[in-house]
Amino acid sequence: FLPYTRLLFTTGRCGAMRIMMADQGQEWKEIVVDFADWMKGDLKATCVFGQLPKHLGRNHDAYGKDGKEAALIDMMCDGVEDLRLKYVKMIYQEYDTGKDVYIKDLPNHLDKFEAVMAKNKTGFLVGDKPSFADYSLFEVLLNHLVLCSSCLDTFPSLKSFVEKMSARPKIKTFLDSEAYKKLPINGNGKQ
């Protein structure tokens, strides 16, 4: 079990985990598994779904105060993952022909998060402190702001959320670190 391992040399799906761990003041040892080693299959075969573990919210008080909040956090994580998968598909399969269409359609995906955030009134998706869903959404929104710097202009709650998360002292320190800055957003260099 390698709880703090990253596959490939991108921010990838572990980006939210890194941000959460930094915000929680946790230290971790990052063991990089390069693509060639991963494809050999030895490590991959030890992982139930062929993916390295990444969710640590339950262990670091980022999974809600009760079962209801945990269920809502799961729902939000699923929504973030849906958005992430659409983004990844565009970046890796349709960038040249689909980027403009993706950006034009992005408000239809962000509006759901905007509505939840506005309704909660705490500045977070669920509850009154950051959950793993918040860290995950934050990381995805950072990537989208690189793709289209104006993508949050019509979403005041999401824009405020990114500003609030970015200003958290430990997150700010992490985002300003060379370790974070040296990671490309996507393995193919497109953003």
# chains A, B, ... in the order shown; residues from 1 in each chain; ligands from 1
>>> closest_atom_pairs(of="region 136-174 of chain A", to="region 68-86 of chain A", cutoff="12 Å", atoms="only C-alpha atoms", output="JSON lines")
{"residue": "A:Ser136", "atom": "CA", "partner": "A:Val80", "partner_atom": "CA", "distance": 6.9}
{"residue": "A:Leu137", "atom": "CA", "partner": "A:Val80", "partner_atom": "CA", "distance": 5.9}
{"residue": "A:Phe138", "atom": "CA", "partner": "A:Val80", "partner_atom": "CA", "distance": 9.5}
{"residue": "A:Glu139", "atom": "CA", "partner": "A:Val80", "partner_atom": "CA", "distance": 9.8}
{"residue": "A:Val140", "atom": "CA", "partner": "A:Arg84", "partner_atom": "CA", "distance": 6.6}
{"residue": "A:Leu141", "atom": "CA", "partner": "A:Arg84", "partner_atom": "CA", "distance": 9.5}
{"residue": "A:Leu142", "atom": "CA", "partner": "A:Arg84", "partner_atom": "CA", "distance": 11.6}
{"residue": "A:Asn143", "atom": "CA", "partner": "A:Arg84", "partner_atom": "CA", "distance": 9.6}
{"residue": "A:His144", "atom": "CA", "partner": "A:Arg84", "partner_atom": "CA", "distance": 9.7}
>>> residues_around(residues="Asp105 (chain A)", least_positions_apart="6", cutoff="12 Å", atoms="only C-alpha atoms", output="count of residues only")
8
>>> closest_atom_pairs(of="region 34-121 of chain A", to="region 165-189 of chain A", cutoff="12 Å", atoms="only C-alpha atoms", output="Markdown table")
| residue | atom | partner | partner_atom | distance |
| --- | --- | --- | --- | --- |
| A:Asp34 | CA | A:Gly187 | CA | 11.7 |
| A:Phe35 | CA | A:Gly187 | CA | 10.7 |
| A:Arg84 | CA | A:Asn186 | CA | 11.9 |
| A:Tyr87 | CA | A:Asn186 | CA | 10.5 |
| A:Val88 | CA | A:Asn186 | CA | 8.6 |
| A:Lys89 | CA | A:Asn186 | CA | 11.5 |
| A:Met90 | CA | A:Asn186 | CA | 11.4 |
| A:Ile91 | CA | A:Asn186 | CA | 7.9 |
| A:Tyr92 | CA | A:Asn188 | CA | 7.2 |
| A:Gln93 | CA | A:Asn188 | CA | 10.5 |
| A:Tyr95 | CA | A:Asn188 | CA | 10.5 |
>>> atom_distance(atom1="CA of Pro156 (chain A)", atom2="CA of Ala118 (chain A)")
8.7 Å
>>> closest_residue(among="A:Val146, A:Lys65, A:Lys29, A:Gln24", to="Asp128 (chain A)", atoms="only C-alpha atoms")
A:Lys65
>>> atom_distance(atom1="CA of Glu114 (chain A)", atom2="CA of Tyr63 (chain A)")
20.2 Å
>>> select_by_dssp(residues="chain A", states="strand (DSSP E or B)", output="MDAnalysis selection string")
chainID A and resid 5:7 31:33
>>> write_last_selection(atoms="C-alpha atoms", output="short mmCIF file (atom, residue, chain, number, x, y, z; two decimals), in the first residue's frame")
data_model
loop_
_atom_site.label_atom_id
_atom_site.label_comp_id
_atom_site.auth_asym_id
_atom_site.auth_seq_id
_atom_site.Cartn_x
_atom_site.Cartn_y
_atom_site.Cartn_z
CA THR A 5 2.24 7.84 -4.48
CA ARG A 6 1.84 9.75 -7.73
CA LEU A 7 1.70 8.19 -11.17
CA ILE A 31 7.26 8.16 -4.53
CA VAL A 32 7.13 8.74 -8.26
CA VAL A 33 6.16 5.75 -10.35
#
>>> select_by_dssp(residues="region 36-170 of chain A", states="helix (DSSP H, G or I)", output="MDAnalysis selection string")
chainID A and resid 36:40 42:45 57:60 67:93 95:105 107:120 132:147 156:167 169:170
>>> atom_distance(atom1="CA of Pro130 (chain A)", atom2="CA of Asp153 (chain A)")
22.4 Å
>>> decode(residues="region 60-110 of chain A", atoms="N, CA and C atoms", output="compact mmCIF listing (two decimals), in the first residue's frame")
# COMPACT_ATOMS: atom_id res chain seq x y z
N HIS A 60 -8.20 12.48 7.56
CA HIS A 60 -7.71 13.82 7.88
C HIS A 60 -8.85 14.81 8.09
N ASP A 61 -9.93 14.33 8.67
CA ASP A 61 -11.04 15.18 9.07
C ASP A 61 -11.56 16.06 7.92
N ALA A 62 -11.62 15.49 6.74
CA ALA A 62 -12.11 16.22 5.57
C ALA A 62 -13.24 15.45 4.90
N TYR A 63 -14.05 14.79 5.75
CA TYR A 63 -15.11 13.94 5.20
C TYR A 63 -16.44 14.19 5.88
N GLY A 64 -16.63 15.40 6.38
CA GLY A 64 -17.89 15.77 6.99
C GLY A 64 -18.00 15.39 8.45
N LYS A 65 -19.02 15.94 9.10
CA LYS A 65 -19.20 15.70 10.53
C LYS A 65 -20.10 14.51 10.83
N ASP A 66 -20.82 14.02 9.81
CA ASP A 66 -21.73 12.89 10.04
C ASP A 66 -21.99 12.17 8.70
N GLY A 67 -22.81 11.15 8.76
CA GLY A 67 -23.10 10.35 7.57
C GLY A 67 -23.77 11.14 6.47
N LYS A 68 -24.64 12.07 6.83
CA LYS A 68 -25.31 12.90 5.80
C LYS A 68 -24.30 13.75 5.04
N GLU A 69 -23.41 14.41 5.78
CA GLU A 69 -22.39 15.22 5.11
C GLU A 69 -21.46 14.34 4.28
N ALA A 70 -21.11 13.17 4.79
CA ALA A 70 -20.24 12.25 4.04
C ALA A 70 -20.90 11.86 2.72
N ALA A 71 -22.21 11.59 2.75
CA ALA A 71 -22.93 11.23 1.52
C ALA A 71 -22.93 12.40 0.53
N LEU A 72 -23.13 13.61 1.02
CA LEU A 72 -23.10 14.79 0.15
C LEU A 72 -21.70 15.02 -0.42
N ILE A 73 -20.68 14.78 0.39
CA ILE A 73 -19.30 14.91 -0.08
C ILE A 73 -19.03 13.88 -1.17
N ASP A 74 -19.50 12.66 -1.00
CA ASP A 74 -19.36 11.65 -2.06
C ASP A 74 -20.01 12.12 -3.35
N MET A 75 -21.23 12.68 -3.22
CA MET A 75 -21.94 13.17 -4.40
C MET A 75 -21.15 14.29 -5.09
N MET A 76 -20.61 15.21 -4.30
CA MET A 76 -19.82 16.31 -4.87
C MET A 76 -18.55 15.77 -5.52
N CYS A 77 -17.90 14.81 -4.88
CA CYS A 77 -16.69 14.21 -5.47
C CYS A 77 -17.02 13.56 -6.81
N ASP A 78 -18.16 12.89 -6.88
CA ASP A 78 -18.57 12.28 -8.15
C ASP A 78 -18.79 13.34 -9.22
N GLY A 79 -19.41 14.46 -8.84
CA GLY A 79 -19.61 15.55 -9.79
C GLY A 79 -18.30 16.15 -10.26
N VAL A 80 -17.36 16.33 -9.34
CA VAL A 80 -16.03 16.84 -9.71
C VAL A 80 -15.34 15.86 -10.64
N GLU A 81 -15.45 14.57 -10.34
CA GLU A 81 -14.80 13.56 -11.18
C GLU A 81 -15.41 13.57 -12.59
N ASP A 82 -16.73 13.76 -12.69
CA ASP A 82 -17.37 13.86 -14.01
C ASP A 82 -16.76 15.02 -14.80
N LEU A 83 -16.60 16.17 -14.14
CA LEU A 83 -16.00 17.33 -14.80
C LEU A 83 -14.55 17.05 -15.18
N ARG A 84 -13.81 16.43 -14.27
CA ARG A 84 -12.41 16.10 -14.53
C ARG A 84 -12.29 15.18 -15.75
N LEU A 85 -13.15 14.19 -15.85
CA LEU A 85 -13.08 13.25 -16.98
C LEU A 85 -13.38 13.95 -18.30
N LYS A 86 -14.32 14.88 -18.30
CA LYS A 86 -14.60 15.65 -19.52
C LYS A 86 -13.40 16.50 -19.91
N TYR A 87 -12.77 17.11 -18.91
CA TYR A 87 -11.58 17.91 -19.14
C TYR A 87 -10.46 17.04 -19.71
N VAL A 88 -10.22 15.90 -19.09
CA VAL A 88 -9.14 15.00 -19.53
C VAL A 88 -9.39 14.52 -20.96
N LYS A 89 -10.63 14.19 -21.26
CA LYS A 89 -10.96 13.74 -22.63
C LYS A 89 -10.64 14.86 -23.64
N MET A 90 -11.03 16.08 -23.30
CA MET A 90 -10.75 17.20 -24.20
C MET A 90 -9.24 17.41 -24.33
N ILE A 91 -8.51 17.41 -23.22
CA ILE A 91 -7.07 17.67 -23.25
C ILE A 91 -6.32 16.61 -24.04
N TYR A 92 -6.66 15.34 -23.86
CA TYR A 92 -5.88 14.25 -24.45
C TYR A 92 -6.43 13.74 -25.78
N GLN A 93 -7.71 13.96 -26.06
CA GLN A 93 -8.29 13.39 -27.28
C GLN A 93 -8.86 14.41 -28.24
N GLU A 94 -9.27 15.57 -27.75
CA GLU A 94 -10.00 16.51 -28.61
C GLU A 94 -9.49 17.94 -28.52
N TYR A 95 -8.28 18.13 -28.05
CA TYR A 95 -7.80 19.48 -27.77
C TYR A 95 -7.90 20.40 -28.99
N ASP A 96 -7.35 19.97 -30.10
CA ASP A 96 -7.30 20.84 -31.28
C ASP A 96 -8.68 21.13 -31.85
N THR A 97 -9.57 20.18 -31.77
CA THR A 97 -10.90 20.35 -32.36
C THR A 97 -11.99 20.64 -31.33
N GLY A 98 -11.72 20.40 -30.05
CA GLY A 98 -12.78 20.51 -29.06
C GLY A 98 -12.59 21.53 -27.95
N LYS A 99 -11.45 22.20 -27.91
CA LYS A 99 -11.20 23.14 -26.81
C LYS A 99 -12.24 24.26 -26.77
N ASP A 100 -12.51 24.88 -27.90
CA ASP A 100 -13.46 25.99 -27.93
C ASP A 100 -14.86 25.54 -27.53
N VAL A 101 -15.27 24.39 -28.00
CA VAL A 101 -16.58 23.85 -27.66
C VAL A 101 -16.65 23.54 -26.17
N TYR A 102 -15.58 22.97 -25.64
CA TYR A 102 -15.52 22.64 -24.22
C TYR A 102 -15.67 23.90 -23.37
N ILE A 103 -14.92 24.93 -23.70
CA ILE A 103 -14.97 26.19 -22.94
C ILE A 103 -16.36 26.82 -23.04
N LYS A 104 -16.96 26.75 -24.22
CA LYS A 104 -18.30 27.31 -24.40
C LYS A 104 -19.33 26.56 -23.55
N ASP A 105 -19.16 25.25 -23.40
CA ASP A 105 -20.10 24.43 -22.64
C ASP A 105 -19.78 24.40 -21.14
N LEU A 106 -18.62 24.86 -20.74
CA LEU A 106 -18.18 24.78 -19.35
C LEU A 106 -19.19 25.38 -18.36
N PRO A 107 -19.82 26.52 -18.66
CA PRO A 107 -20.80 27.06 -17.71
C PRO A 107 -21.92 26.08 -17.37
N ASN A 108 -22.27 25.20 -18.29
CA ASN A 108 -23.33 24.21 -18.02
C ASN A 108 -22.89 23.17 -16.99
N HIS A 109 -21.60 23.08 -16.74
CA HIS A 109 -21.07 22.16 -15.72
C HIS A 109 -20.76 22.91 -14.42
N LEU A 110 -20.26 24.11 -14.56
CA LEU A 110 -19.91 24.89 -13.37
C LEU A 110 -21.14 25.40 -12.62
